Structures are given as C-alpha cells and as structure tokens.
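First the structure, in the form of structure tokens, and then the observations on it.
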Amino acid sequence: MLRHTVEACPEDLWRSAAYHNRFWHVAYHALFFTHLYLQPSDAGFQPWGKHKPDSQFFGARPWAPDEPISIPSPYSRNELLEYLEFCRAEVAAKVPATPLDADSGFHWLPFNRLELHLYNTRHIQHHAGQLADRLRTVASIGTPWVRMGADAAPAAG
C-alpha cells in the first residue's frame with residue numbers, strides 16, 4: 001500500500017511545503033525504520049546505500065534534542081521505489097530466519113521479535129494511511145487496499 005501512495009503522488013505534492021513533513025520525507029522515514037527494524041540490532045545496521053544523513057528524522061534526533069538537523073534534498077520517486085523493493089527483499093529474507101521469541105535487539109523496544117514485526121507493520125501502515133489521506137484530500141486520488149502476495153496486487157472491492 002505504501003508503494004501505491006508513492007506511485008500515485010502528483011509531483012507538486014511530492015515536495016509540497018504545505019505539510020511540515022513532505023510526502024517524500026514521510027515515505028523515506030517509513031522505509032528507513034522498516035529497514036532498521038529488520039536487522040538483529042542497531043549495532044551493525046548499515047543504512048541503505050543512498051541514505052542521506054538525518055533524512056529519517058522528522059525533528060530533532062532523540063539523543064540530541066537541542067541540535068538542529070538539516071533536511072536533505074528530496075529523494076526521487078524512483079529512488080524510494082528502489083528502497084521499497086530493497087526492504088521487501090529484506091522482509092522475505094530476514095523475517096522467516098529470525099526466532100520470534102528472541103529479544104527485539106533494540107534497547108528502546110523492550111519486547112520480542114514477534115512484537116517488533118507487528119510494531120514495524122503498524123508503523124508502515126500508519127504512514128501509508130497518512131499519505132493515502134493526503135492523496136485523497138489534496139488530489140482526490142484514492143489508493144487501493146492491497147492483498148498479501150509477491151505481486152502486491154490490489155484487492156477487489
């Protein structure tokens with residue numbers, strides 16, 4: 001569903017300053033944290049090859065709240081679709097290989113891997129819903145509900 005919002009977003013909304021967090025920025029944030037939380041922990045995390053420093057944050061860094069951040073130049077639609085595919089491959093490879101009763105691996109998330117996967121899914125859907133609402137409100141563009149499956153085809157009805 002996140003893919004559909006990214007694909008459907010008009011160019012003027014993609015970079016629009018009408019929202020504090022621009023469309024591209026919300027999509028990148030969701031993908032970055034999806035990628036992060038698929039790792040065993042934050043210790044060995046390697047950001048995506050096209051990562052721009054601080055682009056995952058909506059505001060100050062949690063560990064440095066008084067230090068301003070600079071929002072980088074926008075990612076293109078194609079770059080975010082590429083990152084989305086990278087994250088999908090990570091899900092396919094890492095979720096089945098991870099014991100669900102293991103610790104989350106992230107000290108700020110004191111629960112097991114099963115709950116971490118649910119947490120991650122809720123986070124993605126929160127932002128996909130946020131972006132779908134923008135599309136509907138600003139551009140009268142609806143986004144379909146997407147069923148499970150490798151092709152991620154929209155569900156009928």
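So you can find residues: chains in the structure tokens are A, B, ... in the order shown, residues in each start at 1, and ligands are numbered from 1 in order.
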Neighbouring residues of Arg88 of chain A were defined as those with any atom within 12 Å, considering only C-alpha atoms; residues of the same chain fewer than 3 positions away were excluded. Please report them as a PyMOL selection string. chain A and resi 2-3+31+34-35+38+81-85+91-95+149-152
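For segment 11-14 of chain A, the residues within 10 Å (counting only C-alpha atoms, excluding itself and residues fewer than 5 positions away along the chain) are Val6, Tyr19, Arg22, Phe23, Trp24, His25, Ala27, Pro74, Tyr75, Ser76, Arg77, Arg134, Leu135, Val138 and Ala139 of chain A.
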Quick one: everything within 8 Å of Ile69 of chain A, counting only C-alpha atoms, minus sequence neighbours fewer than 5 positions away in the same chain. Send it as number ranges by chain. A: 54, 59-61
Residues of the last selection are to be written out with N, CA and C atoms, as a PDB file, in the first residue's frame.
```pdb
ATOM      1  N   ASP A  54      20.423  12.142   8.439  1.00  0.00           N
ATOM      2  CA  ASP A  54      19.280  12.764   9.114  1.00  0.00           C
ATOM      3  C   ASP A  54      17.971  12.714   8.336  1.00  0.00           C
ATOM      4  N   GLY A  59      12.155  15.441  13.200  1.00  0.00           N
ATOM      5  CA  GLY A  59      12.537  16.551  14.068  1.00  0.00           C
ATOM      6  C   GLY A  59      13.922  16.274  14.604  1.00  0.00           C
ATOM      7  N   ALA A  60      14.180  16.770  15.784  1.00  0.00           N
ATOM      8  CA  ALA A  60      15.487  16.579  16.403  1.00  0.00           C
ATOM      9  C   ALA A  60      15.761  15.094  16.645  1.00  0.00           C
ATOM     10  N   ARG A  61      17.028  14.757  16.638  1.00  0.00           N
ATOM     11  CA  ARG A  61      17.426  13.389  16.970  1.00  0.00           C
ATOM     12  C   ARG A  61      17.085  13.129  18.439  1.00  0.00           C
TER      13      ARG A  61
END
```
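Candidate residues A:Trp108, A:Tyr119, A:Phe57, A:Tyr37 were compared for distance to Pro72 of chain A, and the nearest is A:Phe57, using only C-alpha atoms.
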Can you work out which one of A:Trp63, A:Phe106, A:Tyr28, A:Phe58 has the shortest atom-to-atom distance to Leu131 of chain A, counting only C-alpha atoms? A:Tyr28
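Neighbours of Glu115 of chain A closer than or equal to 10 Å, with only C-alpha atoms counted and sequence neighbours fewer than 4 positions away skipped, come out as Leu100, Asp101, Asp103, Ser104, Leu109, Pro110, Phe111, Tyr119, Asn120 and Thr121 of chain A.
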Rank nothing, just name the residue among A:His29, A:His20, A:Phe86, A:Glu67 nearest to Trp48 of chain A, using only C-alpha atoms. A:Phe86
Using the chain letters and numbers from this document, which residues of segment 17-130 of chain A does DSSP assign to alpha helix (DSSP H), as a PyMOL selection string? chain A and resi 23-37+77-94+113-130
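The strand (DSSP E or B) portion of segment 41-145 of chain A consists of Arg61, Ala64, Asp103 and Asn112 of chain A, with states taken from DSSP on the backbone.
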Selection file, C-alpha atoms, as a PDB file, in the first residue's frame:
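Dumped to again-v1.pdb:
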```pdb
ATOM      1  CA  ARG A  61      17.426  13.389  16.970  1.00  0.00           C
ATOM      2  CA  ALA A  64      20.475  15.249  20.718  1.00  0.00           C
ATOM      3  CA  ASP A 103      14.636 -10.052  22.077  1.00  0.00           C
ATOM      4  CA  ASN A 112      10.410  -9.813  21.424  1.00  0.00           C
TER       5      ASN A 112
END
```
